[in-house]
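Next up, start.pdb (PDB, C-alpha atoms and all ligand atoms):
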```
ATOM      1  CA  MET A   1       0.000   0.000   0.000
ATOM      2  CA  GLU A   2       1.182   3.458  -0.911
ATOM      3  CA  THR A   3       0.592   6.777   0.887
ATOM      4  CA  LEU A   4       0.525   9.927  -1.240
ATOM      5  CA  HIS A   5       0.149  13.524  -0.102
ATOM      6  CA  ALA A   6      -0.054  15.516  -3.354
ATOM      7  CA  VAL A   7      -3.091  15.846  -5.609
ATOM      8  CA  HIS A   8      -1.041  15.479  -8.804
ATOM      9  CA  GLU A   9       0.465  12.174  -7.592
ATOM     10  CA  VAL A  10      -2.972  10.769  -6.813
ATOM     11  CA  ARG A  11      -4.253  11.824 -10.229
ATOM     12  CA  GLU A  12      -1.297  10.062 -11.905
ATOM     13  CA  ARG A  13      -1.840   6.854  -9.945
ATOM     14  CA  ILE A  14      -5.584   6.801 -10.673
ATOM     15  CA  ALA A  15      -4.956   7.527 -14.372
ATOM     16  CA  ALA A  16      -2.656   4.478 -14.513
ATOM     17  CA  TRP A  17      -5.379   2.312 -12.897
ATOM     18  CA  ARG A  18      -7.894   3.635 -15.410
ATOM     19  CA  ARG A  19      -5.608   2.732 -18.330
ATOM     20  CA  GLN A  20      -5.683  -0.838 -16.991
ATOM     21  CA  GLY A  21      -9.497  -0.715 -16.915
ATOM     22  CA  LEU A  22      -9.659  -1.128 -13.130
ATOM     23  CA  ILE A  23     -12.717  -0.156 -11.052
ATOM     24  CA  VAL A  24     -11.796   2.420  -8.427
ATOM     25  CA  GLY A  25     -13.505   2.451  -5.013
ATOM     26  CA  PHE A  26     -13.125   5.342  -2.581
ATOM     27  CA  VAL A  27     -13.611   5.725   1.173
ATOM     28  CA  PRO A  28     -13.242   9.315   2.438
ATOM     29  CA  THR A  29     -12.319   9.579   6.122
ATOM     30  CA  MET A  30     -10.889  11.988   8.662
ATOM     31  CA  GLY A  31      -8.558   9.290   9.987
ATOM     32  CA  ASN A  32      -8.330   7.904  13.520
ATOM     33  CA  LEU A  33      -9.700   4.777  11.968
ATOM     34  CA  HIS A  34     -11.645   2.089  13.784
ATOM     35  CA  GLN A  35     -13.429  -1.089  12.797
ATOM     36  CA  GLY A  36     -16.336   0.944  11.391
ATOM     37  CA  HIS A  37     -14.051   2.589   8.811
ATOM     38  CA  LEU A  38     -12.349  -0.718   8.044
ATOM     39  CA  SER A  39     -15.735  -2.290   7.308
ATOM     40  CA  LEU A  40     -16.318   0.479   4.713
ATOM     41  CA  VAL A  41     -12.920  -0.290   3.158
ATOM     42  CA  GLN A  42     -13.826  -3.968   3.026
ATOM     43  CA  LEU A  43     -17.151  -3.157   1.358
ATOM     44  CA  ALA A  44     -15.371  -0.978  -1.226
ATOM     45  CA  GLY A  45     -12.913  -3.827  -1.854
ATOM     46  CA  GLU A  46     -15.768  -6.234  -2.565
ATOM     47  CA  ARG A  47     -17.006  -3.931  -5.348
ATOM     48  CA  ALA A  48     -13.808  -2.399  -6.744
ATOM     49  CA  ASP A  49     -10.424  -3.574  -8.058
ATOM     50  CA  ARG A  50      -8.557  -0.828  -6.221
ATOM     51  CA  VAL A  51      -9.494   1.004  -3.021
ATOM     52  CA  ILE A  52      -8.263   4.480  -2.157
ATOM     53  CA  VAL A  53      -8.876   5.959   1.293
ATOM     54  CA  SER A  54      -8.470   9.660   1.998
ATOM     55  CA  ILE A  55      -7.421  10.856   5.447
ATOM     56  CA  PHE A  56      -8.062  14.552   5.870
ATOM     57  CA  VAL A  57      -9.397  16.402   8.908
ATOM     58  CA  ASN A  58     -11.406  18.948   6.972
ATOM     59  CA  PRO A  59     -11.277  22.367   8.680
ATOM     60  CA  MET A  60     -14.232  23.649   6.656
ATOM     61  CA  GLN A  61     -16.742  21.326   8.348
ATOM     62  CA  PHE A  62     -15.837  22.254  11.948
ATOM     63  CA  GLY A  63     -17.490  25.190  13.715
ATOM     64  CA  PRO A  64     -15.382  27.628  15.759
ATOM     65  CA  GLN A  65     -16.382  25.962  19.067
ATOM     66  CA  GLU A  66     -15.914  22.400  17.792
ATOM     67  CA  ASP A  67     -13.100  19.879  18.235
ATOM     68  CA  PHE A  68     -10.972  20.526  15.096
ATOM     69  CA  ASP A  69      -7.768  21.091  17.105
ATOM     70  CA  ARG A  70      -8.196  18.140  19.424
ATOM     71  CA  TYR A  71      -9.519  15.770  16.704
ATOM     72  CA  PRO A  72      -7.101  12.789  16.962
ATOM     73  CA  ARG A  73      -4.509  12.572  14.149
ATOM     74  CA  THR A  74      -3.056   9.053  13.960
ATOM     75  CA  LEU A  75      -1.775   8.719  10.381
ATOM     76  CA  GLU A  76       0.895   6.089  10.983
ATOM     77  CA  ARG A  77      -1.453   3.763  12.874
ATOM     78  CA  ASP A  78      -4.224   4.383  10.304
ATOM     79  CA  CYS A  79      -1.920   3.419   7.428
ATOM     80  CA  GLN A  80      -0.943   0.183   9.165
ATOM     81  CA  ALA A  81      -4.611  -0.693   9.669
ATOM     82  CA  LEU A  82      -5.450   0.160   6.052
ATOM     83  CA  ALA A  83      -2.574  -1.918   4.671
ATOM     84  CA  GLN A  84      -4.043  -4.913   6.503
ATOM     85  CA  GLY A  85      -7.593  -3.838   5.737
ATOM     86  CA  GLY A  86      -7.215  -4.134   1.965
ATOM     87  CA  ALA A  87      -6.650  -0.562   0.731
ATOM     88  CA  GLN A  88      -4.140   0.003  -2.066
ATOM     89  CA  LEU A  89      -3.680   3.754  -1.713
ATOM     90  CA  VAL A  90      -3.970   6.356   1.047
ATOM     91  CA  PHE A  91      -4.364  10.003   0.126
ATOM     92  CA  ALA A  92      -3.314  12.143   3.108
ATOM     93  CA  PRO A  93      -3.134  15.752   1.915
ATOM     94  CA  ASP A  94      -2.418  18.795   4.038
ATOM     95  CA  ALA A  95      -4.865  21.707   4.126
ATOM     96  CA  ALA A  96      -2.938  23.740   1.498
ATOM     97  CA  GLU A  97      -3.315  20.879  -0.982
ATOM     98  CA  ILE A  98      -7.111  20.838  -0.618
ATOM     99  CA  TYR A  99      -7.595  24.567  -0.012
ATOM    100  CA  PRO A 100      -4.844  26.184  -2.137
ATOM    101  CA  ALA A 101      -6.496  29.596  -1.836
ATOM    102  CA  GLY A 102      -6.845  29.294   1.945
ATOM    103  CA  MET A 103     -10.082  28.983   3.852
ATOM    104  CA  ASN A 104     -11.804  31.841   2.033
ATOM    105  CA  GLN A 105     -13.303  29.305  -0.318
ATOM    106  CA  GLY A 106     -14.914  31.165  -3.240
ATOM    107  CA  ALA A 107     -16.927  28.229  -4.562
ATOM    108  CA  VAL A 108     -18.964  26.279  -2.022
ATOM    109  CA  VAL A 109     -21.148  23.237  -2.617
ATOM    110  CA  ASP A 110     -24.452  23.218  -0.759
ATOM    111  CA  VAL A 111     -27.464  20.911  -0.598
ATOM    112  CA  PRO A 112     -29.801  23.306   1.217
ATOM    113  CA  SER A 113     -32.821  21.004   1.575
ATOM    114  CA  LEU A 114     -30.763  18.547   3.644
ATOM    115  CA  ALA A 115     -28.094  20.848   5.077
ATOM    116  CA  GLY A 116     -30.572  23.050   6.926
ATOM    117  CA  VAL A 117     -32.134  20.487   9.283
ATOM    118  CA  LEU A 118     -31.012  18.550  12.376
ATOM    119  CA  GLU A 119     -27.191  18.460  12.401
ATOM    120  CA  GLY A 120     -27.107  21.273   9.854
ATOM    121  CA  GLN A 121     -29.360  23.491  11.950
ATOM    122  CA  LEU A 122     -27.242  22.941  15.052
ATOM    123  CA  ARG A 123     -23.907  23.125  13.241
ATOM    124  CA  PRO A 124     -24.215  25.971  10.714
ATOM    125  CA  GLY A 125     -21.690  25.587   7.894
ATOM    126  CA  HIS A 126     -21.010  21.927   8.703
ATOM    127  CA  PHE A 127     -22.708  20.408   5.669
ATOM    128  CA  PRO A 128     -21.486  22.983   3.115
ATOM    129  CA  GLY A 129     -18.028  22.084   4.518
ATOM    130  CA  VAL A 130     -18.705  18.369   4.030
ATOM    131  CA  ALA A 131     -20.295  18.786   0.576
ATOM    132  CA  THR A 132     -17.450  21.024  -0.616
ATOM    133  CA  VAL A 133     -14.645  18.729   0.536
ATOM    134  CA  VAL A 134     -16.408  15.604  -0.716
ATOM    135  CA  THR A 135     -16.847  17.245  -4.146
ATOM    136  CA  LYS A 136     -13.164  18.227  -4.208
ATOM    137  CA  LEU A 137     -12.127  14.695  -3.228
ATOM    138  CA  PHE A 138     -14.443  13.202  -5.856
ATOM    139  CA  ASN A 139     -12.879  15.499  -8.477
ATOM    140  CA  ILE A 140      -9.378  14.446  -7.446
ATOM    141  CA  VAL A 141     -10.029  10.707  -7.073
ATOM    142  CA  THR A 142     -12.756  10.325  -9.769
ATOM    143  CA  PRO A 143     -13.912   7.034  -8.230
ATOM    144  CA  ASP A 144     -16.457   4.680  -9.789
ATOM    145  CA  LEU A 145     -17.951   4.112  -6.364
ATOM    146  CA  ALA A 146     -17.653   5.593  -2.900
ATOM    147  CA  VAL A 147     -18.708   4.122   0.448
ATOM    148  CA  PHE A 148     -20.269   6.246   3.226
ATOM    149  CA  GLY A 149     -21.397   4.887   6.599
ATOM    150  CA  ARG A 150     -25.031   4.885   7.711
ATOM    151  CA  LYS A 151     -23.846   6.051  11.120
ATOM    152  CA  ASP A 152     -23.782   9.599   9.662
ATOM    153  CA  TYR A 153     -27.177   9.150   8.049
ATOM    154  CA  GLN A 154     -27.753  12.814   7.197
ATOM    155  CA  GLN A 155     -24.327  13.000   5.559
ATOM    156  CA  LEU A 156     -25.027   9.831   3.557
ATOM    157  CA  LEU A 157     -28.342  11.222   2.281
ATOM    158  CA  LEU A 158     -26.738  14.567   1.448
ATOM    159  CA  VAL A 159     -23.928  12.939  -0.546
ATOM    160  CA  GLN A 160     -26.429  10.757  -2.423
ATOM    161  CA  ARG A 161     -28.394  13.898  -3.290
ATOM    162  CA  LEU A 162     -25.268  15.842  -4.274
ATOM    163  CA  VAL A 163     -24.155  13.098  -6.652
ATOM    164  CA  ARG A 164     -27.605  12.826  -8.192
ATOM    165  CA  ASP A 165     -28.234  16.557  -8.558
ATOM    166  CA  LEU A 166     -24.765  17.362  -9.919
ATOM    167  CA  CYS A 167     -24.779  14.336 -12.294
ATOM    168  CA  LEU A 168     -21.567  12.891 -10.859
ATOM    169  CA  PRO A 169     -20.922   9.406 -12.291
ATOM    170  CA  ILE A 170     -20.250   7.848  -8.883
ATOM    171  CA  GLU A 171     -22.229   5.102  -7.177
ATOM    172  CA  ILE A 172     -22.721   5.833  -3.470
ATOM    173  CA  ILE A 173     -22.774   2.661  -1.391
ATOM    174  CA  PRO A 174     -24.092   2.823   2.199
ATOM    175  CA  GLY A 175     -22.091   0.890   4.800
ATOM    176  CA  SER A 176     -23.721  -0.558   7.943
ATOM    177  CA  THR A 177     -22.995   0.921  11.353
ATOM    178  CA  VAL A 178     -20.557  -1.166  13.389
ATOM    179  CA  ARG A 179     -21.406  -1.348  17.093
ATOM    180  CA  GLU A 180     -19.738  -2.323  20.351
ATOM    181  CA  PRO A 181     -21.292  -5.390  22.043
ATOM    182  CA  ASP A 182     -23.471  -3.047  24.185
ATOM    183  CA  GLY A 183     -24.814  -1.271  21.087
ATOM    184  CA  LEU A 184     -22.717   1.913  21.126
ATOM    185  CA  ALA A 185     -21.912   2.859  17.525
ATOM    186  CA  LEU A 186     -18.174   3.024  16.828
ATOM    187  CA  SER A 187     -16.988   6.607  16.519
ATOM    188  CA  SER A 188     -13.657   8.390  16.813
ATOM    189  CA  ARG A 189     -15.317  10.565  19.454
ATOM    190  CA  ASN A 190     -16.015   7.606  21.798
ATOM    191  CA  GLN A 191     -12.443   7.884  23.067
ATOM    192  CA  TYR A 192     -13.287  11.269  24.623
ATOM    193  CA  LEU A 193     -15.661   9.501  27.043
ATOM    194  CA  SER A 194     -14.543   8.899  30.638
ATOM    195  CA  ALA A 195     -14.931   5.339  31.976
ATOM    196  CA  GLY A 196     -18.187   6.287  33.721
ATOM    197  CA  GLU A 197     -19.568   8.031  30.619
ATOM    198  CA  ARG A 198     -18.623   5.052  28.472
ATOM    199  CA  ARG A 199     -20.695   2.773  30.751
ATOM    200  CA  ARG A 200     -23.724   5.043  30.336
ATOM    201  CA  ALA A 201     -23.214   5.670  26.594
ATOM    202  CA  SER A 202     -25.068   2.533  25.470
ATOM    203  CA  ALA A 203     -28.319   4.247  26.561
ATOM    204  CA  LEU A 204     -28.175   6.185  23.270
ATOM    205  CA  HIS A 205     -28.721   3.042  21.221
ATOM    206  CA  ASP A 206     -31.064   1.495  23.813
ATOM    207  CA  THR A 207     -33.350   4.513  23.492
ATOM    208  CA  LEU A 208     -33.409   4.243  19.695
ATOM    209  CA  VAL A 209     -34.197   0.548  19.877
ATOM    210  CA  ALA A 210     -36.980   1.091  22.445
ATOM    211  CA  ALA A 211     -38.596   3.774  20.250
ATOM    212  CA  ARG A 212     -38.307   1.585  17.164
ATOM    213  CA  ARG A 213     -40.001  -1.244  19.084
ATOM    214  CA  ARG A 214     -42.944   1.044  19.899
ATOM    215  CA  ILE A 215     -43.298   1.984  16.219
ATOM    216  CA  ILE A 216     -43.103  -1.637  15.101
ATOM    217  CA  GLY A 217     -45.732  -2.367  17.772
ATOM    218  CA  GLY A 218     -48.094   0.019  15.974
ATOM    219  CA  GLU A 219     -47.685   3.365  17.772
ATOM    220  CA  ARG A 220     -47.858   6.402  15.515
ATOM    221  CA  GLN A 221     -47.825   9.249  18.047
ATOM    222  CA  TRP A 222     -44.396  10.480  16.949
ATOM    223  CA  LEU A 223     -44.243  13.399  19.380
ATOM    224  CA  GLU A 224     -45.092  11.179  22.326
ATOM    225  CA  ILE A 225     -42.437   8.622  21.378
ATOM    226  CA  GLU A 226     -39.868  11.392  20.922
ATOM    227  CA  ALA A 227     -40.748  12.979  24.269
ATOM    228  CA  SER A 228     -40.352   9.735  26.205
ATOM    229  CA  ALA A 229     -37.036   8.987  24.424
ATOM    230  CA  LEU A 230     -35.760  12.437  25.405
ATOM    231  CA  GLY A 231     -36.800  11.732  29.016
ATOM    232  CA  GLU A 232     -34.984   8.377  28.999
ATOM    233  CA  LEU A 233     -31.831  10.035  27.645
ATOM    234  CA  ARG A 234     -31.917  12.721  30.343
ATOM    235  CA  SER A 235     -32.372  10.050  33.041
ATOM    236  CA  ALA A 236     -29.285   8.268  31.664
ATOM    237  CA  GLY A 237     -27.258  11.470  32.082
ATOM    238  CA  PHE A 238     -27.371  12.749  28.480
ATOM    239  CA  ASP A 239     -28.061  16.310  27.446
ATOM    240  CA  PRO A 240     -29.926  15.664  24.178
ATOM    241  CA  ASP A 241     -29.924  18.063  21.197
ATOM    242  CA  TYR A 242     -32.661  16.091  19.460
ATOM    243  CA  PHE A 243     -34.367  12.731  19.257
ATOM    244  CA  THR A 244     -36.555  12.691  16.209
ATOM    245  CA  ILE A 245     -38.504  10.408  13.900
ATOM    246  CA  ARG A 246     -38.188  11.392  10.247
ATOM    247  CA  SER A 247     -38.812  10.187   6.726
ATOM    248  CA  ALA A 248     -35.711   8.236   5.666
ATOM    249  CA  ARG A 249     -36.072   9.799   2.209
ATOM    250  CA  ASN A 250     -35.736  13.487   3.023
ATOM    251  CA  LEU A 251     -35.448  13.861   6.832
ATOM    252  CA  GLN A 252     -38.759  15.696   7.028
ATOM    253  CA  PRO A 253     -41.396  14.701   9.619
ATOM    254  CA  PRO A 254     -43.162  11.543   8.394
ATOM    255  CA  GLU A 255     -46.201  11.984   6.190
ATOM    256  CA  PRO A 256     -49.032   9.467   5.830
ATOM    257  CA  GLY A 257     -47.765   6.798   3.437
ATOM    258  CA  ASP A 258     -44.078   7.198   4.341
ATOM    259  CA  ALA A 259     -42.987   3.581   4.764
ATOM    260  CA  GLU A 260     -39.315   4.130   5.483
ATOM    261  CA  LEU A 261     -38.475   6.035   8.628
ATOM    262  CA  VAL A 262     -35.279   6.854  10.435
ATOM    263  CA  LEU A 263     -34.944   7.649  14.133
ATOM    264  CA  LEU A 264     -32.062  10.052  14.747
ATOM    265  CA  VAL A 265     -30.482  11.201  17.965
ATOM    266  CA  ALA A 266     -27.744  13.650  18.952
ATOM    267  CA  ALA A 267     -26.839  14.082  22.595
ATOM    268  CA  ARG A 268     -24.004  15.208  24.779
ATOM    269  CA  LEU A 269     -22.492  13.045  27.485
ATOM    270  CA  GLY A 270     -20.194  15.330  29.455
ATOM    271  CA  ARG A 271     -18.148  17.185  26.822
ATOM    272  CA  THR A 272     -18.681  14.548  24.133
ATOM    273  CA  ARG A 273     -21.380  14.892  21.515
ATOM    274  CA  LEU A 274     -22.587  11.577  20.084
ATOM    275  CA  ILE A 275     -24.974  10.868  17.223
ATOM    276  CA  ASP A 276     -26.710   7.665  16.168
ATOM    277  CA  ASN A 277     -29.719   6.464  14.212
ATOM    278  CA  VAL A 278     -31.745   3.371  13.362
ATOM    279  CA  SER A 279     -34.091   2.700  10.463
ATOM    280  CA  VAL A 280     -37.575   1.270  10.593
ATOM    281  CA  GLU A 281     -39.751   0.067   7.751
ATOM    282  CA  LEU A 282     -43.501   0.235   8.208
ATOM    283  CA  GLU A 283     -45.613  -2.575   6.796
TER     284      GLU A 283
HETATM  285  O1  LIG A 301     -17.523  11.367   7.634
HETATM  286  C1  LIG A 301     -16.414  11.923   7.628
HETATM  287  O2  LIG A 301     -15.428  11.399   8.170
HETATM  288  C2  LIG A 301     -16.265  13.261   6.943
HETATM  289  O3  LIG A 301     -17.398  14.045   7.107
HETATM  290  C3  LIG A 301     -15.884  13.134   5.452
HETATM  291  C4  LIG A 301     -16.964  12.453   4.655
HETATM  292  C5  LIG A 301     -14.579  12.356   5.329
HETATM  293  C6  LIG A 301     -15.675  14.533   4.863
HETATM  294  O4  LIG A 301     -14.666  15.227   5.516
END
```

Go ahead and render the structure in this file as structure tokens.
Amino acid sequence: METLHAVHEVRERIAAWRRQGLIVGFVPTMGNLHQGHLSLVQLAGERADRVIVSIFVNPMQFGPQEDFDRYPRTLERDCQALAQGGAQLVFAPDAAEIYPAGMNQGAVVDVPSLAGVLEGQLRPGHFPGVATVVTKLFNIVTPDLAVFGRKDYQQLLLVQRLVRDLCLPIEIIPGSTVREPDGLALSSRNQYLSAGERRRASALHDTLVAARRRIIGGERQWLEIEASALGELRSAGFDPDYFTIRSARNLQPPEPGDAELVLLVAARLGRTRLIDNVSVELE
């Protein structure tokens, strides 16, 4: 496995793969890789001849009060894991390579219908930051397919929409959320949790599962289900930003006839903000 830092080197390598007629799969990441990321790499490898993984902590998607500076940077360990995990190429640029004109980005990619709700409402500028960097990375890597985890459901939907609306010839493949035995979704941010917080953190998934059970059992009083989930989270020591039941299609409140729903939660445990979601299909 090779690690490249410059855009022009990546373009050359991909061009050589293309001349050989190889299918290129891409997994964009911010590094500090865990089993969840490696499962996305594996999925890409099942569909592509070559897998490229980018590792770039994207300043444009972090708000001023967020954890950009303390976000863990573990390139050497990540590369070892990726070499064993089946990637052929790592693209680890620095900020000047991705933002040559600095952070006063003239052109910005936005998907307003999805960027303005939930995470986007609470983290203004986050999704334009994600959409812009993902578009840049797509333009550099020109993959045939790219894998995004369901753990960041809003991001997955936004990227699917971006690709469709901008006619990018890239297949977006959703990867399943990988969980700890107690249900906590793997996330680079889990390592911020103290031992006591970690013990309580599984309540996030428990609450989603309990709400999903009520829906499967026939309840349709969304507000009531949301309110009791918020209460359960508070009792478990969380400070929730939202717990909400939405259409899986567009993240709007469910309408009669919506058969595919997603339950999404964002909550703080101490200083750590965690997000998670589960899907539910109505009969
Ligand atoms: O999900 C992430 O790690 C990031 O948002 C992404 C897609 C790599 C863009 O920076």

Under the PyMOL selection byres (((chain A and resi 251) around 12) and not hetatm), which residues of this model are included? Write them out as a ChimeraX atom specification. /A:113-120,153-158,244-250,252-255,258,260-264,277,279

Find the spatial neighbours of A:Asp94, counting only C-alpha atoms, within a cut-off of 12 Å - ignore same-chain residues fewer than 6 positions away - and output them as a PyMOL selection string. chain A and resi 4-7+30+54-59+75+100+102

Within 9 Å of ligand LIG 301 (chain A), counting all atoms listed in the file, which protein or nucleic acid residues do you find, written as a ChimeraX atom specification? /A:27-31,37,54-61,126-127,129-134,137,148-149,151-152,155-156,159

Exercise: stretch 204-214 of chain A partners within 7 Å, only C-alpha atoms, chain neighbours under 4 positions left out, as a list in words: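 Result of the neighbour search: Gly183, Leu184, Gly218, Glu219, Ile225, Ala229, Glu232, Leu233, Leu263, Asn277, Val278 and Val280 of chain A.
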
Among the residues A:Asp276, A:Asp49, A:Glu76, A:Glu283, the one that comes closest to A:Thr177 [using all atoms listed in the file]: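 Smallest separation from A:Thr177 among the options: A:Asp276.
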
The residues within 12 Å of (-13.5, 4.6, 16.6), using only C-alpha atoms and the coordinates of the file, should be reported as a ChimeraX atom specification; which are they? /A:29-39,71-72,74,78,151,177-180,184-193,274

Would you be able to write out as number ranges by chain which residues have an atom within 12 Å of (-8.0, 0.3, 0.2) in the file's coordinates, counting only C-alpha atoms? A: 1-3, 24-29, 37-55, 78-91, 146-147

Record the distance separating atom CA of A:Val141 and atom CA of A:Asp67, expressed in Å with one decimal. 27.1 Å

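Closest approach to A:Glu66 among A:His8, A:Arg220, A:Arg198, A:Arg273: A:Arg273, based on all atoms listed in the file.
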
How big is the axis-aligned box around the listed atoms of stretch 155-169 of chain A once 4 Å is added on each side, and where is its centre? Give both in Å to one decimal, as AutoDock Vina command-line options.
```
--center_x -24.7 --center_y 13.4 --center_z -3.4 --size_x 15.5 --size_y 16.0 --size_z 25.9
```

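The spacing separating atom CA of A:Gln160 from atom CA of A:Ile14 amounts to 22.8 Å.
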
Rank A:Asp144, A:Asp182, A:Asp110, A:Glu9 by their smallest atom-to-atom distance to A:Asp165, using all atoms listed in the file, and report the top residue only. A:Asp110

Which of these, A:Arg161, A:Glu281, A:Pro174, A:Leu122, has the shortest distance to A:Ala267 once you count all atoms listed in the file? A:Leu122
